[in-house]
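Participant: Coordinates in coords-v7.txt, compact mmCIF, C-alpha atoms and all ligand atoms, are listed below.
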```
# COMPACT_ATOMS: atom_id res chain seq x y z
CA MET A 58 11.59 22.08 7.16
CA LYS A 59 10.99 18.33 7.36
CA LYS A 60 13.79 15.83 6.79
CA VAL A 61 12.33 14.75 3.45
CA GLU A 62 12.29 18.34 2.25
CA LYS A 63 15.82 19.03 3.52
CA THR A 64 17.06 15.99 1.63
CA ALA A 65 15.26 17.14 -1.53
CA VAL A 66 17.02 20.52 -1.25
CA ALA A 67 20.36 18.74 -0.73
CA ALA A 68 19.69 16.65 -3.88
CA PHE A 69 19.14 19.87 -5.80
CA LEU A 70 22.46 21.29 -4.54
CA VAL A 71 24.38 18.10 -5.38
CA ASN A 72 22.99 18.13 -8.93
CA ALA A 73 23.72 21.84 -9.32
CA CYS A 74 27.37 21.34 -8.21
CA ALA A 75 27.73 18.37 -10.58
CA PHE A 76 26.39 20.51 -13.43
CA VAL A 77 28.75 23.43 -12.71
CA ILE A 78 31.82 21.18 -12.48
CA LYS A 79 30.95 19.23 -15.64
CA TYR A 80 30.03 22.29 -17.67
CA GLY A 81 33.33 23.96 -16.68
CA LEU A 82 35.24 20.81 -17.68
CA THR A 83 33.33 20.67 -20.98
CA LEU A 84 34.54 24.14 -21.94
CA TYR A 85 38.06 23.21 -20.89
CA SER A 86 38.31 19.75 -22.47
CA GLY A 87 36.11 19.96 -25.57
CA SER A 88 34.62 16.49 -24.83
CA ILE A 89 31.10 15.95 -26.22
CA ALA A 90 30.55 13.05 -23.81
CA LEU A 91 31.16 15.47 -20.96
CA ARG A 92 28.87 17.97 -22.63
CA ALA A 93 26.10 15.37 -22.81
CA GLU A 94 26.67 14.53 -19.15
CA ALA A 95 26.53 18.22 -18.20
CA PHE A 96 23.15 18.45 -19.96
CA HIS A 97 22.02 15.37 -18.13
CA SER A 98 22.91 17.04 -14.80
CA LEU A 99 20.98 20.14 -15.86
CA THR A 100 17.84 18.07 -16.47
CA ASP A 101 18.40 16.50 -13.05
CA VAL A 102 18.57 19.98 -11.50
CA VAL A 103 15.21 20.88 -13.07
CA ALA A 104 13.75 17.55 -11.96
CA SER A 105 14.84 18.03 -8.34
CA VAL A 106 13.24 21.49 -8.31
CA THR A 107 9.94 19.93 -9.39
CA VAL A 108 10.25 17.19 -6.76
CA PHE A 109 10.62 19.87 -4.10
CA GLY A 110 7.82 22.02 -5.57
CA GLY A 111 5.62 18.93 -5.65
CA LEU A 112 6.28 18.22 -1.96
CA LYS A 113 5.27 21.78 -1.10
CA LEU A 114 2.21 22.05 -3.35
CA ALA A 115 0.88 18.58 -2.75
CA ASN A 116 -0.16 19.28 0.82
CA ARG A 117 -2.63 21.96 -0.18
CA LYS A 118 -6.36 21.43 -0.52
CA THR A 119 -8.63 24.28 -1.46
CA ARG A 120 -12.32 24.80 -1.97
CA ARG A 121 -11.82 24.72 -5.73
CA PHE A 122 -9.51 21.70 -5.55
CA PRO A 123 -11.02 19.65 -2.72
CA TYR A 124 -9.21 16.46 -3.78
CA GLY A 125 -5.84 18.21 -3.36
CA LEU A 126 -3.38 19.47 -5.92
CA TYR A 127 -1.36 16.28 -5.72
CA LYS A 128 -1.44 15.72 -9.45
CA VAL A 129 0.39 18.98 -10.12
CA GLU A 130 3.46 16.95 -9.22
CA ASN A 131 2.68 14.36 -11.90
CA LEU A 132 1.76 17.01 -14.45
CA VAL A 133 5.08 18.79 -13.91
CA SER A 134 6.87 15.42 -14.02
CA ALA A 135 5.32 14.69 -17.41
CA LEU A 136 6.42 18.08 -18.74
CA VAL A 137 9.93 17.63 -17.32
CA GLY A 138 10.08 14.17 -18.89
CA ILE A 139 9.20 15.60 -22.29
CA MET A 140 11.81 18.32 -21.77
CA ILE A 141 14.44 15.70 -20.97
CA ILE A 142 13.61 13.77 -24.15
CA PHE A 143 13.91 16.97 -26.15
CA ALA A 144 17.29 17.78 -24.53
CA GLY A 145 18.42 14.25 -25.40
CA TYR A 146 17.41 14.83 -29.01
CA GLU A 147 19.36 18.11 -29.15
CA ILE A 148 22.51 16.47 -27.79
CA ALA A 149 22.07 13.54 -30.19
CA ARG A 150 22.04 16.00 -33.10
CA GLU A 151 25.28 17.47 -31.87
CA VAL A 152 26.87 14.05 -31.37
CA PHE A 153 26.00 12.85 -34.87
CA LEU A 154 26.18 16.08 -36.87
CA GLY A 155 28.79 18.10 -34.92
CA ALA A 156 32.39 18.34 -36.13
CA GLY A 157 33.82 16.99 -32.89
CA GLN A 158 37.11 18.31 -31.61
CA THR A 159 40.09 16.51 -30.16
CA VAL A 160 39.72 16.04 -26.43
CA LYS A 161 42.39 17.68 -24.29
CA ASN A 162 44.18 15.29 -21.91
CA SER A 163 44.32 16.79 -18.45
CA GLY A 164 44.47 15.77 -14.82
CA TRP A 165 41.73 18.33 -14.19
CA ASN A 166 39.23 16.33 -16.28
CA ILE A 167 40.05 13.10 -14.48
CA GLY A 168 40.18 14.68 -11.02
CA GLY A 169 36.94 16.63 -11.58
CA MET A 170 35.04 13.53 -12.72
CA CYS A 171 36.35 11.52 -9.76
CA VAL A 172 35.04 14.18 -7.37
CA VAL A 173 31.64 14.21 -9.12
CA ILE A 174 31.33 10.40 -9.09
CA ALA A 175 32.32 10.12 -5.41
CA GLY A 176 29.89 12.92 -4.48
CA LEU A 177 26.98 11.30 -6.33
CA GLY A 178 27.73 7.86 -4.88
CA ILE A 179 27.88 9.10 -1.28
CA PHE A 180 24.73 11.18 -1.68
CA SER A 181 22.87 8.23 -3.22
CA ALA A 182 23.60 6.09 -0.15
CA TYR A 183 22.56 8.88 2.20
CA GLU A 184 19.32 9.55 0.33
CA ARG A 185 18.44 5.87 0.32
CA THR A 186 18.81 5.77 4.11
CA VAL A 187 16.60 8.82 4.60
CA GLY A 188 14.08 7.40 2.11
CA LYS A 189 13.79 4.20 4.13
CA GLU A 190 13.59 6.09 7.43
CA THR A 191 10.80 8.41 6.29
CA GLY A 192 9.02 5.97 3.95
CA SER A 193 9.19 8.46 1.09
CA PRO A 194 8.99 6.67 -2.26
CA GLY A 195 10.15 9.88 -4.00
CA LEU A 196 13.47 9.93 -2.16
CA THR A 197 14.04 6.21 -2.65
CA ALA A 198 13.44 6.54 -6.39
CA ASP A 199 15.72 9.58 -6.50
CA SER A 200 18.52 7.69 -4.72
CA ARG A 201 18.31 5.02 -7.40
CA HIS A 202 18.58 7.71 -10.04
CA PHE A 203 21.77 8.99 -8.40
CA LEU A 204 23.17 5.49 -8.68
CA THR A 205 22.55 5.45 -12.45
CA ASP A 206 24.19 8.88 -12.56
CA VAL A 207 27.31 7.31 -11.05
CA MET A 208 27.26 4.87 -13.99
CA THR A 209 26.87 7.47 -16.75
CA ASN A 210 29.60 9.61 -15.19
CA SER A 211 31.86 6.57 -15.00
CA VAL A 212 31.33 6.04 -18.73
CA VAL A 213 32.60 9.60 -19.32
CA LEU A 214 35.56 9.00 -17.00
CA ILE A 215 36.49 5.82 -18.90
CA ALA A 216 36.29 7.70 -22.21
CA LEU A 217 38.52 10.49 -20.83
CA LEU A 218 41.05 7.96 -19.50
CA SER A 219 41.14 5.96 -22.75
CA ASN A 220 41.91 9.22 -24.57
CA TYR A 221 45.36 9.08 -22.93
CA PHE A 222 45.97 5.84 -24.83
CA GLY A 223 44.83 7.24 -28.14
CA LEU A 224 41.44 5.51 -28.01
CA ARG A 225 38.73 7.86 -29.32
CA LEU A 226 35.79 6.77 -27.19
CA ASP A 227 34.35 10.25 -26.72
CA ARG A 228 31.64 9.95 -29.36
CA PRO A 229 30.47 6.40 -28.45
CA ALA A 230 30.34 7.47 -24.79
CA ALA A 231 28.23 10.48 -25.76
CA VAL A 232 25.84 8.20 -27.68
CA LEU A 233 25.41 5.97 -24.62
CA ILE A 234 24.62 8.94 -22.42
CA VAL A 235 22.14 10.35 -24.92
CA LEU A 236 20.37 6.98 -25.03
CA PHE A 237 20.22 6.99 -21.24
CA ILE A 238 18.84 10.53 -21.14
CA ILE A 239 16.08 9.69 -23.64
CA TRP A 240 15.22 6.46 -21.83
CA SER A 241 14.98 8.14 -18.43
CA GLY A 242 12.94 11.04 -19.88
CA GLY A 243 10.54 8.52 -21.42
CA LYS A 244 10.17 6.66 -18.12
CA VAL A 245 9.49 9.85 -16.16
CA THR A 246 6.83 10.88 -18.70
CA LEU A 247 5.13 7.46 -18.81
CA ASP A 248 5.03 7.07 -15.03
CA ALA A 249 3.50 10.53 -14.68
CA ILE A 250 0.87 9.83 -17.36
CA LYS A 251 -0.14 6.58 -15.66
CA VAL A 252 -0.94 8.48 -12.46
CA LEU A 253 -2.70 11.27 -14.38
CA LEU A 254 -4.94 8.64 -15.99
CA ASP A 255 -5.75 7.12 -12.56
CA MET A 256 -4.04 3.80 -13.11
CA SER A 257 -4.89 1.30 -10.36
CA LEU A 258 -2.64 0.79 -7.34
CA ASP A 259 -0.35 -2.17 -7.80
CA LYS A 260 -1.53 -5.69 -6.92
CA GLU A 261 0.62 -6.03 -3.78
CA THR A 262 -0.75 -2.82 -2.26
CA LEU A 263 -4.34 -3.83 -3.00
CA ALA A 264 -3.77 -7.30 -1.53
CA GLN A 265 -2.32 -5.73 1.62
CA ILE A 266 -5.35 -3.44 1.96
CA LYS A 267 -7.74 -6.35 1.46
CA GLU A 268 -5.97 -8.22 4.23
CA SER A 269 -6.43 -5.22 6.55
CA ILE A 270 -10.17 -5.24 5.81
CA LEU A 271 -10.62 -8.98 6.30
CA ASN A 272 -8.83 -8.76 9.65
CA GLU A 273 -12.07 -7.36 11.01
CA ALA A 274 -14.27 -10.25 12.17
CA LEU A 275 -17.55 -8.53 11.26
CA VAL A 276 -16.63 -8.35 7.58
CA LEU A 277 -18.40 -11.10 5.66
CA LYS A 278 -17.24 -10.12 2.19
CA VAL A 279 -15.23 -7.53 0.26
CA GLN A 280 -17.44 -6.86 -2.72
CA SER A 281 -15.09 -4.50 -4.50
CA LEU A 282 -11.81 -2.79 -3.80
CA ILE A 283 -10.19 -0.18 -6.01
CA GLY A 284 -7.41 2.32 -5.46
CA ARG A 285 -5.50 4.97 -7.35
CA SER A 286 -2.57 7.30 -6.84
CA SER A 287 -2.49 11.05 -6.97
CA GLY A 288 0.95 12.54 -6.61
CA ARG A 289 2.54 10.39 -3.94
CA TYR A 290 -0.78 9.78 -2.17
CA LYS A 291 -3.17 6.86 -2.41
CA PHE A 292 -6.97 6.86 -2.51
CA VAL A 293 -8.84 3.69 -1.67
CA GLU A 294 -12.50 2.72 -2.14
CA ALA A 295 -14.00 -0.46 -0.75
CA ASN A 296 -17.44 -2.01 -0.75
CA ILE A 297 -17.94 -4.45 2.10
CA VAL A 298 -20.74 -6.54 3.57
CA LEU A 299 -20.93 -6.51 7.35
CA ASN A 300 -22.56 -9.03 9.60
CA THR A 301 -24.61 -6.46 11.48
CA ASN A 302 -27.70 -4.36 11.12
CA ASP A 303 -26.52 -1.91 13.74
CA LEU A 304 -25.49 1.32 12.01
CA ASN A 305 -23.40 2.58 14.91
CA ARG A 306 -21.51 -0.67 15.05
CA ALA A 307 -21.01 -0.67 11.28
CA HIS A 308 -19.64 2.83 11.49
CA GLU A 309 -17.22 1.84 14.26
CA VAL A 310 -16.05 -1.12 12.22
CA SER A 311 -15.41 1.00 9.14
CA GLU A 312 -13.39 3.45 11.23
CA ARG A 313 -11.31 0.63 12.67
CA ILE A 314 -10.68 -0.70 9.16
CA GLU A 315 -9.64 2.75 7.97
CA LYS A 316 -7.19 3.09 10.85
CA GLU A 317 -5.73 -0.34 10.14
CA ILE A 318 -5.26 0.49 6.43
CA ARG A 319 -3.52 3.77 7.28
CA GLU A 320 -1.18 1.98 9.69
CA LYS A 321 -0.20 -0.77 7.27
CA THR A 322 0.02 1.17 3.98
CA ALA A 323 2.13 4.30 3.45
CA ASN A 324 0.86 7.63 2.11
CA ILE A 325 -2.89 7.02 2.27
CA ASP A 326 -4.89 10.19 1.71
CA GLU A 327 -8.46 8.93 1.78
CA VAL A 328 -10.20 5.67 2.49
CA PHE A 329 -13.85 5.45 1.45
CA ILE A 330 -15.67 2.47 2.89
CA HIS A 331 -19.21 1.76 1.76
CA TYR A 332 -20.74 -0.82 4.01
CA GLU A 333 -23.98 -2.66 3.74
CA PRO A 334 -25.46 -4.96 6.31
CA VAL A 335 -26.08 -8.53 5.34
CA ALA A 336 -29.82 -8.91 4.70
CA LYS A 337 -31.02 -10.49 7.93
CA THR A 338 -34.32 -12.35 7.86
CA SER A 339 -33.41 -14.76 10.60
CA TYR A 340 -31.70 -15.05 13.98
CA ARG A 341 -28.93 -17.57 14.52
CA TYR A 342 -28.01 -19.20 17.85
CA ALA A 343 -24.78 -21.17 18.22
CA LEU A 344 -24.24 -23.92 20.81
CA PRO A 345 -20.85 -25.53 21.44
CA VAL A 346 -21.50 -29.29 21.42
CA GLU A 347 -19.56 -32.52 21.98
CA ASP A 348 -21.15 -34.80 19.39
CA PRO A 349 -21.92 -34.63 15.66
CA GLU A 350 -25.64 -35.05 16.52
CA GLY A 351 -25.38 -31.79 18.45
CA GLU A 352 -27.06 -33.00 21.61
CA ARG A 353 -24.56 -32.65 24.46
CA ILE A 354 -23.47 -29.10 25.23
CA SER A 355 -19.70 -28.80 25.58
CA ALA A 356 -18.40 -27.54 28.90
CA HIS A 357 -15.53 -25.73 27.20
CA PHE A 358 -16.50 -23.23 24.57
CA GLY A 359 -13.14 -22.97 22.79
CA GLU A 360 -12.56 -26.72 22.73
CA ALA A 361 -15.97 -27.70 21.38
CA PRO A 362 -15.45 -29.98 18.35
CA TYR A 363 -18.86 -29.06 16.87
CA PHE A 364 -21.30 -26.20 16.88
CA ARG A 365 -25.04 -26.55 16.62
CA PHE A 366 -26.70 -23.66 14.84
CA THR A 367 -30.36 -23.03 15.53
CA ILE A 368 -32.11 -20.60 13.23
CA VAL A 369 -35.38 -18.80 13.82
CA GLU A 370 -37.14 -16.59 11.28
CA LYS A 371 -37.79 -12.95 12.07
CA GLY A 372 -41.37 -12.55 13.24
CA LYS A 373 -41.68 -16.21 14.32
CA GLU A 374 -39.23 -15.96 17.19
CA ASP A 375 -40.46 -18.96 19.14
CA SER A 376 -40.35 -21.58 16.40
CA ILE A 377 -37.16 -23.05 15.04
CA SER A 378 -37.03 -23.06 11.25
CA ARG A 379 -33.76 -24.89 10.72
CA GLN A 380 -30.86 -26.50 12.55
CA GLU A 381 -27.44 -27.70 11.54
CA VAL A 382 -24.37 -29.12 13.21
CA VAL A 383 -21.02 -27.93 11.85
CA ARG A 384 -17.50 -29.03 12.73
CA ASN A 385 -15.43 -26.33 14.47
CA PRO A 386 -12.75 -25.56 11.84
CA VAL A 387 -10.24 -24.26 14.43
CA PRO A 388 -7.81 -27.08 15.33
CA VAL A 389 -7.76 -28.01 19.04
CA THR A 390 -4.00 -27.54 19.13
CA GLU A 391 -4.21 -23.93 17.86
CA GLN A 392 -2.99 -21.13 20.14
CA GLY A 393 -5.78 -18.73 21.14
CA LYS A 394 -8.44 -21.08 19.76
CA GLY A 395 -11.16 -19.43 21.84
CA ILE A 396 -10.67 -16.15 20.02
CA LEU A 397 -10.35 -17.82 16.62
CA THR A 398 -13.53 -19.81 17.24
CA ALA A 399 -15.35 -16.63 18.26
CA GLU A 400 -14.21 -14.93 15.06
CA TRP A 401 -15.31 -17.90 13.00
CA LEU A 402 -18.77 -17.77 14.63
CA SER A 403 -19.01 -14.09 13.70
CA ARG A 404 -18.20 -14.90 10.06
CA CYS A 405 -20.92 -17.57 10.11
CA GLY A 406 -23.44 -14.82 10.85
CA THR A 407 -24.04 -15.85 14.47
CA ASP A 408 -26.26 -13.57 16.57
CA ALA A 409 -26.08 -15.28 19.97
CA VAL A 410 -23.96 -17.96 21.64
CA LEU A 411 -25.18 -20.29 24.39
CA MET A 412 -22.57 -21.29 26.91
CA ARG A 413 -22.25 -23.53 29.95
CA ASN A 414 -18.89 -22.35 31.22
CA ARG A 415 -18.15 -18.77 32.25
CA LEU A 416 -15.38 -18.12 29.80
CA GLY A 417 -11.98 -18.57 31.44
CA GLY A 418 -10.13 -16.21 29.11
CA LYS A 419 -11.47 -12.75 28.30
CA GLY A 420 -10.44 -13.05 24.62
CA PRO A 421 -13.60 -14.67 23.20
CA LEU A 422 -15.84 -12.39 25.31
CA TYR A 423 -14.00 -9.40 23.95
CA VAL A 424 -14.58 -10.64 20.37
CA PHE A 425 -18.29 -11.21 21.06
CA SER A 426 -18.85 -7.72 22.48
CA HIS A 427 -16.72 -6.28 19.68
CA VAL A 428 -18.89 -7.79 16.94
CA GLY A 429 -22.18 -7.58 18.83
CA ILE A 430 -22.83 -11.29 19.44
CA LYS A 431 -25.01 -11.87 22.49
CA VAL A 432 -23.70 -14.35 25.10
CA ILE A 433 -26.38 -16.42 26.86
CA ASN A 434 -25.38 -18.55 29.84
CA THR A 435 -27.13 -21.83 30.40
CA GLU A 436 -27.05 -24.41 33.21
CA GLU A 437 -28.43 -27.20 31.00
CA THR A 438 -26.31 -30.04 29.63
CA THR A 439 -28.39 -30.94 26.58
CA ALA A 440 -29.17 -28.73 23.62
CA ALA A 441 -32.85 -29.70 23.60
CA ARG A 442 -33.33 -28.52 27.21
CA ALA A 443 -31.32 -25.34 26.72
CA LEU A 444 -33.43 -24.36 23.69
CA GLU A 445 -36.62 -25.18 25.54
CA VAL A 446 -35.56 -22.90 28.40
CA LEU A 447 -35.09 -20.16 25.83
CA GLY A 448 -38.67 -20.76 24.70
CA LEU A 449 -37.68 -22.21 21.31
CA HIS A 450 -39.69 -25.14 19.96
CA GLY A 451 -39.33 -27.73 17.26
CA ALA A 452 -35.78 -28.40 18.34
CA ASN A 453 -35.29 -31.61 16.39
CA ALA A 454 -36.56 -30.39 13.03
CA ASN A 455 -34.28 -30.96 10.00
CA SER A 456 -31.10 -31.60 11.93
CA SER A 457 -28.33 -32.00 9.42
CA LEU A 458 -24.57 -32.38 9.44
CA ASP A 459 -22.59 -30.17 7.08
ZN ZN A 501 20.52 11.82 -13.78
```
Mind turning this structure into structure tokens?
Ligand SMILES: [Zn+2]

Facilitator:
Amino acid sequence: MKKVEKTAVAAFLVNACAFVIKYGLTLYSGSIALRAEAFHSLTDVVASVTVFGGLKLANRKTRRFPYGLYKVENLVSALVGIMIIFAGYEIAREVFLGAGQTVKNSGWNIGGMCVVIAGLGIFSAYERTVGKETGSPGLTADSRHFLTDVMTNSVVLIALLSNYFGLRLDRPAAVLIVLFIIWSGGKVTLDAIKVLLDMSLDKETLAQIKESILNEALVLKVQSLIGRSSGRYKFVEANIVLNTNDLNRAHEVSERIEKEIREKTANIDEVFIHYEPVAKTSYRYALPVEDPEGERISAHFGEAPYFRFTIVEKGKEDSISRQEVVRNPVPVTEQGKGILTAEWLSRCGTDAVLMRNRLGGKGPLYVFSHVGIKVINTEETTAARALEVLGLHGANANSSLD
């Protein structure tokens, strides 16, 4: 059994003990607040059984249920929630319509409740630790529930203690607990229904996933990104535009993105990435240059203040259709500017880079091979000559500064 499952079983046992102790004390003391609390523990026992059942069932996928049976957990949660509300209603009837007896003062009541409260408090802390360790949202939520249980049980304890001083707080305490039971039942039901209706993942999770996608230098645009929960698992669908026509490369990129998303976001079941290549009708060369006119080729790729882009149309490979000089947006002082510049070039839709220096660091070269940008070495010092050597003509046509 995994640690998460062991802890879920322990939660069941703690709730069962709390129920037995409180139910025994109810019979002994005649307190309706205690009776309401005992009922509350009983609903907790049922809930912890469903949490455990959900953990077991959720991991099954069959031919008839290829998306997994994850939602069984939410369906059962919704039913349990409705059951809890109904139990709350039954207790409320008793609180308001019942005759109500005098509560017996006894050290047993006080002692028993102290044991229950201490047990719940300690278990809550333990469960929170395991929840953090294993990244299980179910356990973390359950540990918070145990903390609220400490509060409701304390209300009963206060009512029992005040009874010694002739204060009849039993009925008001019972009302408080009934309200809590109905509120928590309503929350359980609503949360389950949201998942059953495929409510979107929360904004933070989606933003985190988008960041994982945009980390990949070949991604030009995230066209759409949606996600939903099923049980405790998340399903993600993304539509992205890639700066490549190469299907193998696109496939590699989408696998890398999927891996990154799984590493950064907990409980991902499936990631569907639909990629489309950017429609390429032209080929784009980039030259690192020293001047805004784009004439002198820079000796240092990463430190080039400007880049000259030379664009040729598909099918007319020897004639330049357009040129532009663009300022390198990566600040000179930036750490790892070679890599950042290479990534920026990829996002600009660059197909090939001309370079005078053999790159000192391997970083930019790694980026270029990663995204499929061709590196062309040149011995020339001026852009016009370098382009001529490549067999490109019309080098000075429509030069413009962006
Ligand atoms: Zn509870």

Participant: Write out as a list in words each polymer residue whose atoms come within 10 Å of A:Asn272, counting all atoms listed in the file; drop sequence neighbours fewer than 5 positions from it.

Facilitator: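 That gives Ile266, Lys267, Ile314, Glu317 and Glu400 of chain A.
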
Participant: Which residues come within 12 Å of stretch 112-127 of chain A, counting only C-alpha atoms, excluding same-chain residues fewer than 6 positions away, as JSON, numbers by chain?

Facilitator: {"A": [58, 59, 60, 61, 62, 63, 64, 65, 66, 105, 106, 133, 134, 193, 194, 195, 196, 249, 252, 253, 286, 287, 288, 289, 290, 291, 292, 324, 326, 327]}

Participant: Can you tell me which residues come within 8 Å of ligand ZN 501 (chain A) when counting all atoms listed in the file, ideally as a compact mmCIF listing (two decimals) with C-alpha atoms, keeping the file's coordinate frame?

Facilitator:
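Final file, pocket.txt:
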```
# COMPACT_ATOMS: atom_id res chain seq x y z
CA HIS A 97 22.02 15.37 -18.13
CA SER A 98 22.91 17.04 -14.80
CA THR A 100 17.84 18.07 -16.47
CA ASP A 101 18.40 16.50 -13.05
CA HIS A 202 18.58 7.71 -10.04
CA PHE A 203 21.77 8.99 -8.40
CA THR A 205 22.55 5.45 -12.45
CA ASP A 206 24.19 8.88 -12.56
CA ILE A 238 18.84 10.53 -21.14
```

Participant: Check the smallest atom-to-atom distance from each of A:Glu184, A:Phe96, A:Ala307, A:Phe425 to A:Glu147 using all atoms listed in the file, then report the winner.

Facilitator: A:Phe96

Participant: Mind giving me the straight-line distance from atom CA of A:Ala264 to atom CA of A:Lys189 in Å, one decimal?

Facilitator: 21.7 Å

Participant: Just the residues within 12 Å of A:Ala399, please, counting all atoms listed in the file, with nothing from its chain fewer than 3 positions along; format it as a PyMOL selection string.

Facilitator: chain A and resi 274-275+343-345+358-361+364+385-387+393-396+402-410+416+419-432

Participant: Using all atoms listed in the file, which of the listed residues (A:Tyr85, A:Thr246, A:Tyr80, A:Val232) sits closest to A:Glu130?

Facilitator: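 With all atoms listed in the file as the atom set, the closest residue is A:Thr246.
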
Participant: A:Arg384, A:Lys373, A:His357, A:Arg319: which is nearest A:Ser339, counting only C-alpha atoms?

Facilitator: A:Lys373

Participant: State, in Å with one decimal place, the distance from atom CA of A:Val382 to atom CA of A:Val369.

Facilitator: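 Separation of atom CA of A:Val382 and atom CA of A:Val369: 15.1 Å.
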
Participant: At what distance in Å, to one decimal, does atom CA of A:Asp255 lie from atom CA of A:His308?

Facilitator: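 We find that atom CA of A:His308 and atom CA of A:Asp255 lie 28.1 Å from each other.
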
Participant: At a cut-off of 12 Å, using all atoms listed in the file, what residues contact A:Ala441? Leave out same-chain residues fewer than 3 positions from it and give the result as a ChimeraX atom specification.

Facilitator: /A:344,346,350-354,365,367,377,380,435,437-438,444-454,456

Participant: Write the residues of the preceding selection, restricted to C-alpha atoms, as a PDB file, in the coordinates of the input.

Facilitator:
```pdb
ATOM      1  CA  LEU A 344     -24.240 -23.920  20.810  1.00  0.00           C
ATOM      2  CA  VAL A 346     -21.500 -29.290  21.420  1.00  0.00           C
ATOM      3  CA  GLU A 350     -25.640 -35.050  16.520  1.00  0.00           C
ATOM      4  CA  GLY A 351     -25.380 -31.790  18.450  1.00  0.00           C
ATOM      5  CA  GLU A 352     -27.060 -33.000  21.610  1.00  0.00           C
ATOM      6  CA  ARG A 353     -24.560 -32.650  24.460  1.00  0.00           C
ATOM      7  CA  ILE A 354     -23.470 -29.100  25.230  1.00  0.00           C
ATOM      8  CA  ARG A 365     -25.040 -26.550  16.620  1.00  0.00           C
ATOM      9  CA  THR A 367     -30.360 -23.030  15.530  1.00  0.00           C
ATOM     10  CA  ILE A 377     -37.160 -23.050  15.040  1.00  0.00           C
ATOM     11  CA  GLN A 380     -30.860 -26.500  12.550  1.00  0.00           C
ATOM     12  CA  THR A 435     -27.130 -21.830  30.400  1.00  0.00           C
ATOM     13  CA  GLU A 437     -28.430 -27.200  31.000  1.00  0.00           C
ATOM     14  CA  THR A 438     -26.310 -30.040  29.630  1.00  0.00           C
ATOM     15  CA  LEU A 444     -33.430 -24.360  23.690  1.00  0.00           C
ATOM     16  CA  GLU A 445     -36.620 -25.180  25.540  1.00  0.00           C
ATOM     17  CA  VAL A 446     -35.560 -22.900  28.400  1.00  0.00           C
ATOM     18  CA  LEU A 447     -35.090 -20.160  25.830  1.00  0.00           C
ATOM     19  CA  GLY A 448     -38.670 -20.760  24.700  1.00  0.00           C
ATOM     20  CA  LEU A 449     -37.680 -22.210  21.310  1.00  0.00           C
ATOM     21  CA  HIS A 450     -39.690 -25.140  19.960  1.00  0.00           C
ATOM     22  CA  GLY A 451     -39.330 -27.730  17.260  1.00  0.00           C
ATOM     23  CA  ALA A 452     -35.780 -28.400  18.340  1.00  0.00           C
ATOM     24  CA  ASN A 453     -35.290 -31.610  16.390  1.00  0.00           C
ATOM     25  CA  ALA A 454     -36.560 -30.390  13.030  1.00  0.00           C
ATOM     26  CA  SER A 456     -31.100 -31.600  11.930  1.00  0.00           C
TER      27      SER A 456
END
```

Participant: Near A:Ile297, within 8 Å and counting only C-alpha atoms, which residues show up once chain neighbours fewer than 2 positions away are dropped, as an mmCIF file with C-alpha atoms, in the frame of the given file?

Facilitator:
```
data_model
loop_
_atom_site.group_PDB
_atom_site.id
_atom_site.type_symbol
_atom_site.label_atom_id
_atom_site.label_comp_id
_atom_site.auth_asym_id
_atom_site.auth_seq_id
_atom_site.Cartn_x
_atom_site.Cartn_y
_atom_site.Cartn_z
ATOM 1 C CA VAL A 276 -16.630 -8.350 7.580
ATOM 2 C CA LEU A 277 -18.400 -11.100 5.660
ATOM 3 C CA LYS A 278 -17.240 -10.120 2.190
ATOM 4 C CA VAL A 279 -15.230 -7.530 0.260
ATOM 5 C CA GLN A 280 -17.440 -6.860 -2.720
ATOM 6 C CA SER A 281 -15.090 -4.500 -4.500
ATOM 7 C CA ALA A 295 -14.000 -0.460 -0.750
ATOM 8 C CA LEU A 299 -20.930 -6.510 7.350
ATOM 9 C CA ILE A 330 -15.670 2.470 2.890
ATOM 10 C CA HIS A 331 -19.210 1.760 1.760
ATOM 11 C CA TYR A 332 -20.740 -0.820 4.010
ATOM 12 C CA GLU A 333 -23.980 -2.660 3.740
#
```
